[in-house]
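Next up, start.pdb (PDB, N, CA and C atoms, pLDDT in the B column):
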```pdb
MODEL        1
ATOM      1  N   MET A   1    -123.356  56.493 173.260  1.00 92.00           N
ATOM      2  CA  MET A   1    -124.463  56.842 172.407  1.00 92.00           C
ATOM      3  C   MET A   1    -124.305  56.224 171.024  1.00 92.00           C
ATOM      4  N   TRP A   2    -123.061  56.065 170.570  1.00 95.00           N
ATOM      5  CA  TRP A   2    -122.846  55.528 169.226  1.00 95.00           C
ATOM      6  C   TRP A   2    -123.448  54.126 169.099  1.00 95.00           C
ATOM      7  N   LYS A   3    -123.481  53.387 170.201  1.00 95.00           N
ATOM      8  CA  LYS A   3    -124.056  52.040 170.170  1.00 95.00           C
ATOM      9  C   LYS A   3    -125.532  52.065 169.805  1.00 95.00           C
ATOM     10  N   LYS A   4    -126.175  53.187 170.029  1.00 96.00           N
ATOM     11  CA  LYS A   4    -127.587  53.322 169.680  1.00 96.00           C
ATOM     12  C   LYS A   4    -127.777  53.879 168.276  1.00 96.00           C
ATOM     13  N   VAL A   5    -126.805  54.649 167.808  1.00 97.00           N
ATOM     14  CA  VAL A   5    -126.887  55.248 166.475  1.00 97.00           C
ATOM     15  C   VAL A   5    -126.501  54.234 165.396  1.00 97.00           C
ATOM     16  N   GLU A   6    -125.449  53.492 165.655  1.00 97.00           N
ATOM     17  CA  GLU A   6    -124.893  52.591 164.644  1.00 97.00           C
ATOM     18  C   GLU A   6    -125.898  51.582 164.075  1.00 97.00           C
ATOM     19  N   PRO A   7    -126.709  50.907 164.906  1.00 97.00           N
ATOM     20  CA  PRO A   7    -127.679  49.963 164.326  1.00 97.00           C
ATOM     21  C   PRO A   7    -128.690  50.638 163.390  1.00 97.00           C
ATOM     22  N   ILE A   8    -129.066  51.867 163.711  1.00 97.00           N
ATOM     23  CA  ILE A   8    -130.007  52.603 162.860  1.00 97.00           C
ATOM     24  C   ILE A   8    -129.353  52.892 161.514  1.00 97.00           C
ATOM     25  N   LEU A   9    -128.088  53.308 161.552  1.00 98.00           N
ATOM     26  CA  LEU A   9    -127.372  53.587 160.313  1.00 98.00           C
ATOM     27  C   LEU A   9    -127.247  52.326 159.467  1.00 98.00           C
ATOM     28  N   LYS A  10    -126.877  51.227 160.091  1.00 98.00           N
ATOM     29  CA  LYS A  10    -126.718  49.959 159.353  1.00 98.00           C
ATOM     30  C   LYS A  10    -128.041  49.502 158.760  1.00 98.00           C
ATOM     31  N   GLU A  11    -129.095  49.616 159.541  1.00 97.00           N
ATOM     32  CA  GLU A  11    -130.422  49.194 159.073  1.00 97.00           C
ATOM     33  C   GLU A  11    -130.853  49.986 157.845  1.00 97.00           C
ATOM     34  N   ARG A  12    -130.503  51.256 157.822  1.00 97.00           N
ATOM     35  CA  ARG A  12    -130.934  52.135 156.732  1.00 97.00           C
ATOM     36  C   ARG A  12    -129.877  52.314 155.640  1.00 97.00           C
ATOM     37  N   GLY A  13    -128.718  51.714 155.830  1.00 98.00           N
ATOM     38  CA  GLY A  13    -127.657  51.829 154.828  1.00 98.00           C
ATOM     39  C   GLY A  13    -127.060  53.228 154.743  1.00 98.00           C
ATOM     40  N   ILE A  14    -126.957  53.884 155.886  1.00 97.00           N
ATOM     41  CA  ILE A  14    -126.434  55.247 155.952  1.00 97.00           C
ATOM     42  C   ILE A  14    -125.015  55.209 156.515  1.00 97.00           C
ATOM     43  N   THR A  15    -124.103  55.869 155.848  1.00 96.00           N
ATOM     44  CA  THR A  15    -122.726  55.951 156.332  1.00 96.00           C
ATOM     45  C   THR A  15    -122.612  57.111 157.327  1.00 96.00           C
ATOM     46  N   PRO A  16    -121.571  57.090 158.158  1.00 96.00           N
ATOM     47  CA  PRO A  16    -121.360  58.245 159.041  1.00 96.00           C
ATOM     48  C   PRO A  16    -121.217  59.555 158.266  1.00 96.00           C
ATOM     49  N   HIS A  17    -120.571  59.497 157.109  1.00 96.00           N
ATOM     50  CA  HIS A  17    -120.434  60.704 156.280  1.00 96.00           C
ATOM     51  C   HIS A  17    -121.809  61.209 155.844  1.00 96.00           C
ATOM     52  N   ARG A  18    -122.657  60.298 155.400  1.00 96.00           N
ATOM     53  CA  ARG A  18    -124.008  60.680 154.968  1.00 96.00           C
ATOM     54  C   ARG A  18    -124.798  61.258 156.146  1.00 96.00           C
ATOM     55  N   LEU A  19    -124.646  60.685 157.328  1.00 97.00           N
ATOM     56  CA  LEU A  19    -125.318  61.230 158.508  1.00 97.00           C
ATOM     57  C   LEU A  19    -124.884  62.668 158.746  1.00 97.00           C
ATOM     58  N   SER A  20    -123.602  62.936 158.609  1.00 96.00           N
ATOM     59  CA  SER A  20    -123.104  64.311 158.779  1.00 96.00           C
ATOM     60  C   SER A  20    -123.792  65.254 157.805  1.00 96.00           C
ATOM     61  N   LEU A  21    -123.911  64.818 156.565  1.00 96.00           N
ATOM     62  CA  LEU A  21    -124.582  65.651 155.557  1.00 96.00           C
ATOM     63  C   LEU A  21    -126.052  65.847 155.905  1.00 96.00           C
ATOM     64  N   MET A  22    -126.699  64.799 156.360  1.00 96.00           N
ATOM     65  CA  MET A  22    -128.109  64.884 156.738  1.00 96.00           C
ATOM     66  C   MET A  22    -128.307  65.839 157.912  1.00 96.00           C
ATOM     67  N   MET A  23    -127.290  65.938 158.766  1.00 96.00           N
ATOM     68  CA  MET A  23    -127.356  66.836 159.921  1.00 96.00           C
ATOM     69  C   MET A  23    -127.051  68.280 159.531  1.00 96.00           C
ATOM     70  N   GLY A  24    -126.566  68.482 158.316  1.00 94.00           N
ATOM     71  CA  GLY A  24    -126.226  69.826 157.861  1.00 94.00           C
ATOM     72  C   GLY A  24    -124.819  70.241 158.226  1.00 94.00           C
ATOM     73  N   ASP A  25    -123.994  69.284 158.659  1.00 92.00           N
ATOM     74  CA  ASP A  25    -122.608  69.595 158.999  1.00 92.00           C
ATOM     75  C   ASP A  25    -121.768  69.673 157.728  1.00 92.00           C
ATOM     76  N   LYS A  26    -120.834  70.603 157.718  1.00 88.00           N
ATOM     77  CA  LYS A  26    -119.957  70.757 156.562  1.00 88.00           C
ATOM     78  C   LYS A  26    -118.825  69.741 156.569  1.00 88.00           C
ATOM     79  N   ASN A  27    -118.531  69.193 157.736  1.00 89.00           N
ATOM     80  CA  ASN A  27    -117.514  68.141 157.817  1.00 89.00           C
ATOM     81  C   ASN A  27    -118.011  67.034 158.736  1.00 89.00           C
ATOM     82  N   ASP A  28    -117.241  65.958 158.777  1.00 92.00           N
ATOM     83  CA  ASP A  28    -117.658  64.769 159.509  1.00 92.00           C
ATOM     84  C   ASP A  28    -117.148  64.720 160.945  1.00 92.00           C
ATOM     85  N   SER A  29    -116.505  65.773 161.407  1.00 94.00           N
ATOM     86  CA  SER A  29    -115.778  65.695 162.672  1.00 94.00           C
ATOM     87  C   SER A  29    -116.651  65.296 163.860  1.00 94.00           C
ATOM     88  N   ASN A  30    -117.844  65.841 163.982  1.00 94.00           N
ATOM     89  CA  ASN A  30    -118.706  65.500 165.124  1.00 94.00           C
ATOM     90  C   ASN A  30    -119.113  64.039 165.107  1.00 94.00           C
ATOM     91  N   VAL A  31    -119.523  63.558 163.958  1.00 96.00           N
ATOM     92  CA  VAL A  31    -119.982  62.172 163.859  1.00 96.00           C
ATOM     93  C   VAL A  31    -118.829  61.208 164.117  1.00 96.00           C
ATOM     94  N   TYR A  32    -117.670  61.470 163.508  1.00 96.00           N
ATOM     95  CA  TYR A  32    -116.538  60.568 163.710  1.00 96.00           C
ATOM     96  C   TYR A  32    -115.971  60.671 165.127  1.00 96.00           C
ATOM     97  N   ALA A  33    -116.032  61.840 165.734  1.00 97.00           N
ATOM     98  CA  ALA A  33    -115.595  61.972 167.131  1.00 97.00           C
ATOM     99  C   ALA A  33    -116.513  61.163 168.040  1.00 97.00           C
ATOM    100  N   LEU A  34    -117.794  61.187 167.757  1.00 96.00           N
ATOM    101  CA  LEU A  34    -118.749  60.387 168.520  1.00 96.00           C
ATOM    102  C   LEU A  34    -118.491  58.900 168.285  1.00 96.00           C
ATOM    103  N   LYS A  35    -118.295  58.532 167.038  1.00 96.00           N
ATOM    104  CA  LYS A  35    -118.052  57.132 166.689  1.00 96.00           C
ATOM    105  C   LYS A  35    -116.783  56.597 167.349  1.00 96.00           C
ATOM    106  N   ASN A  36    -115.748  57.405 167.372  1.00 96.00           N
ATOM    107  CA  ASN A  36    -114.455  56.973 167.902  1.00 96.00           C
ATOM    108  C   ASN A  36    -114.308  57.169 169.411  1.00 96.00           C
ATOM    109  N   GLY A  37    -115.382  57.598 170.061  1.00 95.00           N
ATOM    110  CA  GLY A  37    -115.368  57.728 171.510  1.00 95.00           C
ATOM    111  C   GLY A  37    -114.710  58.994 172.024  1.00 95.00           C
ATOM    112  N   LYS A  38    -114.417  59.939 171.143  1.00 96.00           N
ATOM    113  CA  LYS A  38    -113.796  61.189 171.586  1.00 96.00           C
ATOM    114  C   LYS A  38    -114.821  62.125 172.219  1.00 96.00           C
ATOM    115  N   ILE A  39    -116.073  61.951 171.864  1.00 95.00           N
ATOM    116  CA  ILE A  39    -117.157  62.690 172.518  1.00 95.00           C
ATOM    117  C   ILE A  39    -117.850  61.692 173.430  1.00 95.00           C
ATOM    118  N   LYS A  40    -117.610  61.825 174.704  1.00 92.00           N
ATOM    119  CA  LYS A  40    -118.183  60.890 175.684  1.00 92.00           C
ATOM    120  C   LYS A  40    -119.585  61.324 176.131  1.00 92.00           C
ATOM    121  N   ARG A  41    -119.776  62.634 176.238  1.00 94.00           N
ATOM    122  CA  ARG A  41    -121.061  63.175 176.658  1.00 94.00           C
ATOM    123  C   ARG A  41    -121.510  64.188 175.609  1.00 94.00           C
ATOM    124  N   PRO A  42    -122.206  63.732 174.575  1.00 95.00           N
ATOM    125  CA  PRO A  42    -122.611  64.648 173.507  1.00 95.00           C
ATOM    126  C   PRO A  42    -123.571  65.720 174.023  1.00 95.00           C
ATOM    127  N   SER A  43    -123.475  66.873 173.413  1.00 95.00           N
ATOM    128  CA  SER A  43    -124.366  67.972 173.783  1.00 95.00           C
ATOM    129  C   SER A  43    -125.793  67.642 173.356  1.00 95.00           C
ATOM    130  N   PHE A  44    -126.736  68.302 173.996  1.00 95.00           N
ATOM    131  CA  PHE A  44    -128.136  68.111 173.617  1.00 95.00           C
ATOM    132  C   PHE A  44    -128.334  68.490 172.165  1.00 95.00           C
ATOM    133  N   ASP A  45    -127.667  69.556 171.720  1.00 95.00           N
ATOM    134  CA  ASP A  45    -127.791  69.998 170.332  1.00 95.00           C
ATOM    135  C   ASP A  45    -127.351  68.900 169.367  1.00 95.00           C
ATOM    136  N   LEU A  46    -126.240  68.243 169.654  1.00 96.00           N
ATOM    137  CA  LEU A  46    -125.756  67.175 168.785  1.00 96.00           C
ATOM    138  C   LEU A  46    -126.741  66.002 168.767  1.00 96.00           C
ATOM    139  N   ILE A  47    -127.229  65.614 169.935  1.00 96.00           N
ATOM    140  CA  ILE A  47    -128.202  64.526 170.015  1.00 96.00           C
ATOM    141  C   ILE A  47    -129.466  64.879 169.235  1.00 96.00           C
ATOM    142  N   LEU A  48    -129.927  66.096 169.392  1.00 96.00           N
ATOM    143  CA  LEU A  48    -131.130  66.548 168.694  1.00 96.00           C
ATOM    144  C   LEU A  48    -130.931  66.537 167.188  1.00 96.00           C
ATOM    145  N   ARG A  49    -129.782  67.005 166.729  1.00 97.00           N
ATOM    146  CA  ARG A  49    -129.530  67.030 165.282  1.00 97.00           C
ATOM    147  C   ARG A  49    -129.447  65.613 164.702  1.00 97.00           C
ATOM    148  N   ILE A  50    -128.873  64.690 165.456  1.00 97.00           N
ATOM    149  CA  ILE A  50    -128.814  63.298 165.000  1.00 97.00           C
ATOM    150  C   ILE A  50    -130.225  62.712 164.944  1.00 97.00           C
ATOM    151  N   ALA A  51    -131.004  62.924 165.997  1.00 97.00           N
ATOM    152  CA  ALA A  51    -132.379  62.413 166.030  1.00 97.00           C
ATOM    153  C   ALA A  51    -133.206  62.984 164.883  1.00 97.00           C
ATOM    154  N   ASN A  52    -133.074  64.270 164.639  1.00 97.00           N
ATOM    155  CA  ASN A  52    -133.822  64.892 163.543  1.00 97.00           C
ATOM    156  C   ASN A  52    -133.377  64.350 162.189  1.00 97.00           C
ATOM    157  N   ALA A  53    -132.073  64.197 161.998  1.00 97.00           N
ATOM    158  CA  ALA A  53    -131.557  63.691 160.727  1.00 97.00           C
ATOM    159  C   ALA A  53    -132.043  62.272 160.461  1.00 97.00           C
ATOM    160  N   LEU A  54    -132.134  61.469 161.522  1.00 97.00           N
ATOM    161  CA  LEU A  54    -132.565  60.077 161.368  1.00 97.00           C
ATOM    162  C   LEU A  54    -134.078  59.917 161.503  1.00 97.00           C
ATOM    163  N   ASP A  55    -134.754  61.008 161.827  1.00 97.00           N
ATOM    164  CA  ASP A  55    -136.200  61.007 162.017  1.00 97.00           C
ATOM    165  C   ASP A  55    -136.617  59.970 163.064  1.00 97.00           C
ATOM    166  N   VAL A  56    -135.946  60.048 164.220  1.00 97.00           N
ATOM    167  CA  VAL A  56    -136.269  59.162 165.343  1.00 97.00           C
ATOM    168  C   VAL A  56    -136.549  60.010 166.581  1.00 97.00           C
ATOM    169  N   SER A  57    -137.182  59.407 167.543  1.00 97.00           N
ATOM    170  CA  SER A  57    -137.483  60.083 168.796  1.00 97.00           C
ATOM    171  C   SER A  57    -136.214  60.222 169.643  1.00 97.00           C
ATOM    172  N   LEU A  58    -136.136  61.289 170.396  1.00 95.00           N
ATOM    173  CA  LEU A  58    -135.032  61.473 171.329  1.00 95.00           C
ATOM    174  C   LEU A  58    -135.009  60.367 172.386  1.00 95.00           C
ATOM    175  N   ASP A  59    -136.152  59.760 172.651  1.00 95.00           N
ATOM    176  CA  ASP A  59    -136.234  58.695 173.657  1.00 95.00           C
ATOM    177  C   ASP A  59    -135.318  57.525 173.333  1.00 95.00           C
ATOM    178  N   ILE A  60    -135.017  57.322 172.074  1.00 93.00           N
ATOM    179  CA  ILE A  60    -134.142  56.233 171.668  1.00 93.00           C
ATOM    180  C   ILE A  60    -132.764  56.369 172.310  1.00 93.00           C
ATOM    181  N   PHE A  61    -132.335  57.595 172.550  1.00 91.00           N
ATOM    182  CA  PHE A  61    -130.988  57.846 173.046  1.00 91.00           C
ATOM    183  C   PHE A  61    -130.889  57.923 174.565  1.00 91.00           C
ATOM    184  N   ARG A  62    -131.933  57.538 175.262  1.00 88.00           N
ATOM    185  CA  ARG A  62    -131.911  57.527 176.724  1.00 88.00           C
ATOM    186  C   ARG A  62    -131.081  56.389 177.234  1.00 88.00           C
TER     187      ARG A  62
ENDMDL
END
```
As a first step, turn the structure in this file into structure tokens.
Amino acid sequence: MWKKVEPILKERGITPHRLSLMMGDKNDSNVYALKNGKIKRPSFDLILRIANALDVSLDIFR
């Protein structure tokens, strides 16, 4: 999934830390775990929060 998130972040100049803040997370652990491949199958909640933070459709992550 990170392969789909990363280009959006780069295009918009958003760091993984900033994405965590936009998602309302108090720490970066979820975003960095996803980035580093520690989360292989993200929960629907995590996908939804990322989509909402980036203001993109969930269809992007299919």
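Restricting the calculation to all atoms listed in the file, the smallest distance between Trp2 (chain A) and any of A:Arg49, A:Arg18, A:Lys35, A:Arg41 is found for A:Lys35.
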* Polymer residues at most 8 Å from Leu54 (chain A), all atoms listed in the file, same-chain spacing of 2 or more positions, as a PyMOL selection string -> chain A and resi 8+19+22-23+48-52+56-57
* **Selected residue, from A:Gly37, A:Phe44, A:Asp59, A:Tyr32, that lies nearest to Thr15 (chain A) when counting only C-alpha atoms** => A:Tyr32
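The coordinates place atom C of Leu46 (chain A) at 14.5 Å from CA of Asn27 (chain A).
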* To do: Give me every alpha helix (DSSP H) residue in region 3-58 of chain A, going by DSSP on the backbone, as a PyMOL selection string.
  => chain A and resi 3-12+16-23+29-35+44-54
Centre and edges of the region 37-54 of chain A box, axis-aligned, 4 Å extra per side, as AutoDock Vina command-line options:
```
--center_x -123.9 --center_y 63.8 --center_z 168.6 --size_x 28.3 --size_y 20.4 --size_z 24.2
```
* Asked: What is the distance between atom N of Ser20 (chain A) and atom N of Ala33 (chain A), in Å to one decimal?
  -> 10.5 Å
* **Among listed residues A:Ala53, A:Glu6, A:Asp45, A:Lys38, nearest Leu21 (chain A) (using only N, CA and C atoms)** =>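 Going through A:Ala53, A:Glu6, A:Asp45, A:Lys38 one by one, the smallest distance to Leu21 (chain A) is for A:Ala53.
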* To do: One decimal, Å: what's the distance from CA of Val5 (chain A) over to atom N of Ile39 (chain A), could you say?
  =>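 Result for CA of Val5 (chain A) versus atom N of Ile39 (chain A): 13.8 Å, one decimal.
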* Would you mind telling me which residue in A:Ile60, A:Pro16, A:Met1, A:Leu9 lies nearest to Asp28 (chain A) when using all atoms listed in the file? =>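 The closest residue to Asp28 (chain A) is A:Pro16.
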